[in-house]
Amino acid sequence: MASPPSLPSEIWFDHILTRVKSLDSLGLCRVVSKDWNHITYESRFWQLFCKRSDAVSGFLIQNFYDYKHSSTFVSVDNKANKTLNLSILNFLPAPVKVEAVSSQGGLVFCVNQNHRRVPEYFVCKPTTLQWETLPNPKTRYYTQSNAIVVLSSKPLRYKIIRLSEPKSPVKYQLHQNLIRCEVFDSNTWAWKQLKHVSLPYSVCLRLPRRPCVTSGGACYWHLTSNQVLAFYYEDDKESWEIFDSPEPMSDSEYCAMYTKLVEYQGRLALIYSEGELMELWVMEDHEKKVWKRHKLISLDGLKQLVGHYPSPGAYYNSDIALMEAWPKIIFYKFQGSSSNKVVKLEHKPDEIFKLQSDFEIVNLRGPWRWRDFSFIFFLFVFSLFCYFVRFVFGL
């Protein structure tokens with residue numbers, strides 16, 4: 001990467017980076033240099049950026065209680081908590097279950113949770129209260145996991161990846177576990193079935209409560225073998241790959257109980273947490289699959305606060321993590337080993353999704369297509385036909 005502009009650090013930090021007005025512009029700044037990329041994930045930067053920009057950053061926490069799903073938005077940023085009310089998805093036409101959230105772009109993929117014979121899917125942007133009904137995938141196949149990713153913001157283009165399994169146990173063939181894969185593209189407004197994903201026999205996705213992690217043009221799922229399944233979606237050349245976790249834990253079934261995939265500074269990372277210590281491993285070289293232990297964090301301060309060692313949920317930025325300590329969730333700042341914010345929940349979290357969004361109106365339906373005008377075309381043809389009939393019969 002090129003070196004940053006030769007200006008005093010206070011100038012390009014306080015007068016340039018923190019005054020960027022959008023998440024898209026911030027993404028462009030991150031590719032200027034490693035220093036800029038690193039500093040834009042720090043707590044001090046995010047505090048100023050969220051205050052000065054039209055953007056929010058936090059977590060969508062979904063719980064399951066009394067046979068219903070509900071979602072709550074939480075953030076360290078007070079502005080975001082005031083802007084987005086707790087019942088963040090109440091503007092939709094029906095109560096929904098969140099299936100996936102795009103960490104960039106603020107899009108939510110969800111399904112009507114009212115009992116219906118045929119499911120009804122939605123895509124929405126909570127900050128602008130926009131939503132659209134989506135065509136259905138092959139719903140006769142049981143869903144294993146979903147992901148939604150934003151490929152471009154201007155114009156908006158996004159994809160939804162759905163992994164499912166056939167109802168029949170015939171999916172196990174030749175010592176392989178086959179998983180169906182469908183991809184929805186907002187440009188075509190249709191689902192496309194890809195080749196089945198082939199996993200080793202007896203290996204499957206680590207569910208529940210393990211949402212897909214997206215970073216660097218790929219979606220990642222943690223497997224029960226403690227390996228990582230990667231789906232690459234850029235340039236319309238979808239492909240799959242399976243690779244190992246960091247070597248100290250790649251061969252241990254015991255370690256798999258305490259590991260979790262996360263996104264850290266725009267890269268794939270893995271948390272290993274057992275007892276008083278939490279390790280953060282970051283993939284430094286994706287092509288060579290090189291992992292590096294980035295941090296070793298003590299959780300003793302949290303134990304004194306809640307009475308036990310909490311489990312990690314996700315990273316808010318480079319030095320604040322969201323920790324689960326039911327009935328609380330804690331934004332834990334590593335530097336100084338202090339709790340940045342404590343939120344008490346009514347129900348135990350079922351899934352945690354990271355959400356970053358602006359308030360810009362978008363076109364969720366993508367480019368205009370012929371079928372969008374089909375009804376108008378039908379009326380036009382019908383009018384011509386009626387006129388022709390009247391002309392022939394002299395009416």
# chains A, B, ... in the order shown; residues from 1 in each chain; ligands from 1
call {"tool": "residues_around", "arguments": {"residues": "Cys110 of chain A", "least_positions_apart": "2", "cutoff": "7 Å", "atoms": "only C-alpha atoms", "output": "mmCIF file with N, CA and C atoms, in the first residue's frame"}}
result
data_model
loop_
_atom_site.group_PDB
_atom_site.id
_atom_site.type_symbol
_atom_site.label_atom_id
_atom_site.label_comp_id
_atom_site.auth_asym_id
_atom_site.auth_seq_id
_atom_site.Cartn_x
_atom_site.Cartn_y
_atom_site.Cartn_z
ATOM 1 N N VAL A 96 -41.162 -10.596 12.008
ATOM 2 C CA VAL A 96 -40.204 -11.346 11.204
ATOM 3 C C VAL A 96 -39.128 -11.994 12.065
ATOM 4 N N LYS A 97 -38.508 -12.983 11.481
ATOM 5 C CA LYS A 97 -37.298 -13.592 12.024
ATOM 6 C C LYS A 97 -36.139 -13.163 11.127
ATOM 7 N N VAL A 98 -35.092 -12.612 11.726
ATOM 8 C CA VAL A 98 -33.937 -12.173 10.960
ATOM 9 C C VAL A 98 -33.138 -13.390 10.521
ATOM 10 N N GLU A 99 -32.858 -13.462 9.220
ATOM 11 C CA GLU A 99 -32.071 -14.565 8.670
ATOM 12 C C GLU A 99 -30.608 -14.175 8.472
ATOM 13 N N ALA A 100 -30.365 -12.926 8.085
ATOM 14 C CA ALA A 100 -28.988 -12.471 7.858
ATOM 15 C C ALA A 100 -28.971 -10.953 7.811
ATOM 16 N N VAL A 108 -31.091 -5.974 5.836
ATOM 17 C CA VAL A 108 -31.529 -7.100 6.658
ATOM 18 C C VAL A 108 -32.390 -8.029 5.809
ATOM 19 N N ASN A 112 -41.184 -13.739 7.227
ATOM 20 C CA ASN A 112 -42.417 -13.610 7.993
ATOM 21 C C ASN A 112 -42.538 -14.810 8.925
ATOM 22 N N TYR A 121 -40.525 -13.777 2.245
ATOM 23 C CA TYR A 121 -39.227 -13.198 2.567
ATOM 24 C C TYR A 121 -39.207 -11.700 2.256
ATOM 25 N N PHE A 122 -38.419 -10.971 3.073
ATOM 26 C CA PHE A 122 -38.275 -9.525 2.892
ATOM 27 C C PHE A 122 -36.786 -9.163 2.914
ATOM 28 N N VAL A 123 -36.470 -8.065 2.231
ATOM 29 C CA VAL A 123 -35.193 -7.397 2.425
ATOM 30 C C VAL A 123 -35.520 -5.962 2.810
#
call {"tool": "residues_around", "arguments": {"residues": "Ser273 of chain A", "least_positions_apart": "5", "cutoff": "7 Å", "atoms": "only C-alpha atoms", "output": "tab-separated table (two decimals) with N, CA and C atoms, in the first residue's frame"}}
result
chain	number	residue	atom	x	y	z
A	258	TYR	N	-14.94	-23.83	21.98
A	258	TYR	CA	-14.66	-22.50	22.51
A	258	TYR	C	-14.18	-21.52	21.45
A	259	THR	N	-14.37	-21.85	20.19
A	259	THR	CA	-13.92	-20.97	19.10
A	259	THR	C	-15.12	-20.36	18.38
A	278	MET	N	-8.71	-14.90	26.54
A	278	MET	CA	-9.33	-14.90	25.22
A	278	MET	C	-8.25	-14.59	24.19
A	279	GLU	N	-8.11	-15.47	23.21
A	279	GLU	CA	-7.13	-15.28	22.14
A	279	GLU	C	-7.84	-14.80	20.88
call {"tool": "select_by_dssp", "arguments": {"residues": "segment 90-267 of chain A", "states": "strand (DSSP E)", "output": "MDAnalysis selection string"}}
result
chainID A and resid 96:101 108:112 121:125 130:134 142:153 156:165 172:173 176:185 190:193 197:200 213:215 218:222 227:232 239:244 259:264 267
call {"tool": "closest_atom_pairs", "arguments": {"of": "segment 208-236 of chain A", "to": "segment 176-199 of chain A", "cutoff": "12 Å", "atoms": "only C-alpha atoms", "output": "JSON lines"}}
result
{"residue": "A:Leu223", "atom": "CA", "partner": "A:Leu199", "partner_atom": "CA", "distance": 9.3}
{"residue": "A:Thr224", "atom": "CA", "partner": "A:Leu199", "partner_atom": "CA", "distance": 10.6}
{"residue": "A:Ser225", "atom": "CA", "partner": "A:Leu199", "partner_atom": "CA", "distance": 10.1}
{"residue": "A:Gln227", "atom": "CA", "partner": "A:Leu199", "partner_atom": "CA", "distance": 10.6}
{"residue": "A:Val228", "atom": "CA", "partner": "A:Leu199", "partner_atom": "CA", "distance": 10.9}
{"residue": "A:Leu229", "atom": "CA", "partner": "A:Leu199", "partner_atom": "CA", "distance": 8.9}
{"residue": "A:Ala230", "atom": "CA", "partner": "A:Val197", "partner_atom": "CA", "distance": 10.5}
{"residue": "A:Phe231", "atom": "CA", "partner": "A:Val197", "partner_atom": "CA", "distance": 9.7}
{"residue": "A:Tyr232", "atom": "CA", "partner": "A:Val183", "partner_atom": "CA", "distance": 11.8}
{"residue": "A:Tyr233", "atom": "CA", "partner": "A:Val183", "partner_atom": "CA", "distance": 9.5}
{"residue": "A:Glu234", "atom": "CA", "partner": "A:Asp185", "partner_atom": "CA", "distance": 11.9}
{"residue": "A:Asp236", "atom": "CA", "partner": "A:Asp185", "partner_atom": "CA", "distance": 9.8}
call {"tool": "write_last_selection", "arguments": {"atoms": "N, CA and C atoms", "output": "CSV table (one decimal), in the first residue's frame"}}
result
chain,number,residue,atom,x,y,z
A,223,LEU,N,-17.2,-24.8,10.6
A,223,LEU,CA,-17.6,-26.2,10.5
A,223,LEU,C,-17.4,-26.9,11.8
A,224,THR,N,-18.1,-28.0,11.9
A,224,THR,CA,-18.0,-28.8,13.1
A,224,THR,C,-16.6,-29.5,13.2
A,225,SER,N,-15.9,-29.6,12.1
A,225,SER,CA,-14.5,-30.1,12.1
A,225,SER,C,-13.5,-29.1,12.5
A,227,GLN,N,-12.9,-26.5,10.9
A,227,GLN,CA,-12.4,-25.8,9.7
A,227,GLN,C,-13.3,-24.7,9.3
A,228,VAL,N,-12.9,-24.0,8.2
A,228,VAL,CA,-13.7,-22.8,7.7
A,228,VAL,C,-14.2,-23.1,6.3
A,229,LEU,N,-15.4,-22.9,6.0
A,229,LEU,CA,-16.0,-23.0,4.7
A,229,LEU,C,-16.1,-21.5,4.2
A,230,ALA,N,-15.5,-21.3,3.0
A,230,ALA,CA,-15.5,-19.9,2.4
A,230,ALA,C,-16.3,-20.0,1.1
A,231,PHE,N,-17.1,-19.0,0.9
A,231,PHE,CA,-17.9,-18.8,-0.4
A,231,PHE,C,-17.5,-17.4,-0.9
A,232,TYR,N,-16.8,-17.4,-2.1
A,232,TYR,CA,-16.4,-16.2,-2.8
A,232,TYR,C,-17.4,-15.8,-3.8
A,233,TYR,N,-17.9,-14.5,-3.7
A,233,TYR,CA,-19.0,-14.1,-4.5
A,233,TYR,C,-18.7,-12.9,-5.4
A,234,GLU,N,-17.5,-12.4,-5.4
A,234,GLU,CA,-17.1,-11.2,-6.3
A,234,GLU,C,-17.0,-11.6,-7.7
A,236,ASP,N,-19.0,-12.2,-10.0
A,236,ASP,CA,-20.0,-13.2,-10.5
A,236,ASP,C,-19.3,-14.6,-10.8
call {"tool": "closest_residue", "arguments": {"among": "A:Trp281, A:Phe331, A:Tyr220, A:Trp326", "to": "Gly58 of chain A", "atoms": "only C-alpha atoms"}}
result
A:Phe331
call {"tool": "closest_residue", "arguments": {"among": "A:Tyr316, A:Phe243, A:Phe109, A:Tyr67", "to": "Pro126 of chain A", "atoms": "only C-alpha atoms"}}
result
A:Phe109
call {"tool": "residues_around", "arguments": {"residues": "Glu287 of chain A", "least_positions_apart": "4", "cutoff": "12 Å", "atoms": "only C-alpha atoms", "output": "PyMOL selection string"}}
result
chain A and resi 216+241+243+283+291
call {"tool": "select_by_dssp", "arguments": {"residues": "segment 239-290 of chain A", "states": "helix (DSSP H, G or I)", "output": "VMD selection string"}}
result
chain A and resid 247 to 250 255 to 258
call {"tool": "write_last_selection", "arguments": {"atoms": "N, CA and C atoms", "output": "PDB file, in the first residue's frame"}}
result
ATOM      1  N   GLU A 247      -3.334 -23.431  13.580  1.00  0.00           N
ATOM      2  CA  GLU A 247      -2.771 -24.751  13.887  1.00  0.00           C
ATOM      3  C   GLU A 247      -2.948 -25.194  15.333  1.00  0.00           C
ATOM      4  N   PRO A 248      -2.805 -24.310  16.338  1.00  0.00           N
ATOM      5  CA  PRO A 248      -2.950 -24.792  17.722  1.00  0.00           C
ATOM      6  C   PRO A 248      -4.313 -25.399  18.031  1.00  0.00           C
ATOM      7  N   MET A 249      -5.339 -25.069  17.248  1.00  0.00           N
ATOM      8  CA  MET A 249      -6.669 -25.576  17.560  1.00  0.00           C
ATOM      9  C   MET A 249      -7.319 -26.308  16.396  1.00  0.00           C
ATOM     10  N   SER A 250      -6.618 -26.462  15.301  1.00  0.00           N
ATOM     11  CA  SER A 250      -7.239 -27.058  14.116  1.00  0.00           C
ATOM     12  C   SER A 250      -7.547 -28.535  14.274  1.00  0.00           C
ATOM     13  N   CYS A 255     -11.221 -27.925  21.472  1.00  0.00           N
ATOM     14  CA  CYS A 255     -11.082 -26.499  21.208  1.00  0.00           C
ATOM     15  C   CYS A 255     -12.257 -25.960  20.409  1.00  0.00           C
ATOM     16  N   ALA A 256     -12.861 -26.798  19.565  1.00  0.00           N
ATOM     17  CA  ALA A 256     -13.952 -26.339  18.718  1.00  0.00           C
ATOM     18  C   ALA A 256     -15.125 -25.809  19.529  1.00  0.00           C
ATOM     19  N   MET A 257     -15.260 -26.246  20.773  1.00  0.00           N
ATOM     20  CA  MET A 257     -16.353 -25.782  21.616  1.00  0.00           C
ATOM     21  C   MET A 257     -16.180 -24.328  22.024  1.00  0.00           C
ATOM     22  N   TYR A 258     -14.944 -23.826  21.976  1.00  0.00           N
ATOM     23  CA  TYR A 258     -14.659 -22.502  22.510  1.00  0.00           C
ATOM     24  C   TYR A 258     -14.180 -21.520  21.450  1.00  0.00           C
TER      25      TYR A 258
END
call {"tool": "closest_residue", "arguments": {"among": "A:Leu277, A:Ala314, A:Val342, A:Val111", "to": "Val76 of chain A", "atoms": "only C-alpha atoms"}}
result
A:Val342
call {"tool": "residues_around", "arguments": {"residues": "Lys125 of chain A", "least_positions_apart": "2", "cutoff": "7 Å", "atoms": "only C-alpha atoms", "output": "PyMOL selection string"}}
result
chain A and resi 106-108+127-131
call {"tool": "write_last_selection", "arguments": {"atoms": "N, CA and C atoms", "output": "PDB file, in the first residue's frame"}}
result
ATOM      1  N   GLY A 106     -26.100  -2.025   5.779  1.00  0.00           N
ATOM      2  CA  GLY A 106     -27.275  -1.965   6.638  1.00  0.00           C
ATOM      3  C   GLY A 106     -28.504  -2.674   6.126  1.00  0.00           C
ATOM      4  N   LEU A 107     -28.364  -3.729   5.303  1.00  0.00           N
ATOM      5  CA  LEU A 107     -29.512  -4.470   4.796  1.00  0.00           C
ATOM      6  C   LEU A 107     -29.797  -5.681   5.676  1.00  0.00           C
ATOM      7  N   VAL A 108     -31.091  -5.974   5.836  1.00  0.00           N
ATOM      8  CA  VAL A 108     -31.529  -7.100   6.658  1.00  0.00           C
ATOM      9  C   VAL A 108     -32.390  -8.029   5.809  1.00  0.00           C
ATOM     10  N   THR A 127     -32.720   1.786   8.738  1.00  0.00           N
ATOM     11  CA  THR A 127     -32.494   3.210   8.965  1.00  0.00           C
ATOM     12  C   THR A 127     -33.354   4.097   8.082  1.00  0.00           C
ATOM     13  N   THR A 128     -33.794   3.600   6.936  1.00  0.00           N
ATOM     14  CA  THR A 128     -34.643   4.383   6.027  1.00  0.00           C
ATOM     15  C   THR A 128     -36.081   3.857   5.966  1.00  0.00           C
ATOM     16  N   LEU A 129     -36.366   2.789   6.742  1.00  0.00           N
ATOM     17  CA  LEU A 129     -37.710   2.184   6.793  1.00  0.00           C
ATOM     18  C   LEU A 129     -38.163   1.688   5.420  1.00  0.00           C
ATOM     19  N   GLN A 130     -37.232   1.230   4.598  1.00  0.00           N
ATOM     20  CA  GLN A 130     -37.559   0.699   3.276  1.00  0.00           C
ATOM     21  C   GLN A 130     -37.595  -0.824   3.322  1.00  0.00           C
ATOM     22  N   TRP A 131     -38.478  -1.420   2.519  1.00  0.00           N
ATOM     23  CA  TRP A 131     -38.533  -2.872   2.449  1.00  0.00           C
ATOM     24  C   TRP A 131     -39.126  -3.312   1.119  1.00  0.00           C
TER      25      TRP A 131
END
call {"tool": "atom_distance", "arguments": {"atom1": "atom CA of Phe359 of chain A", "atom2": "atom CA of Lys34 of chain A"}}
result
28.2 Å
call {"tool": "residues_around", "arguments": {"residues": "Arg140 of chain A", "least_positions_apart": "3", "cutoff": "10 Å", "atoms": "only C-alpha atoms", "output": "list in words"}}
result
Val118, Pro119, Pro137, Thr143, Ser164, Glu165, Pro166 and Lys167 of chain A
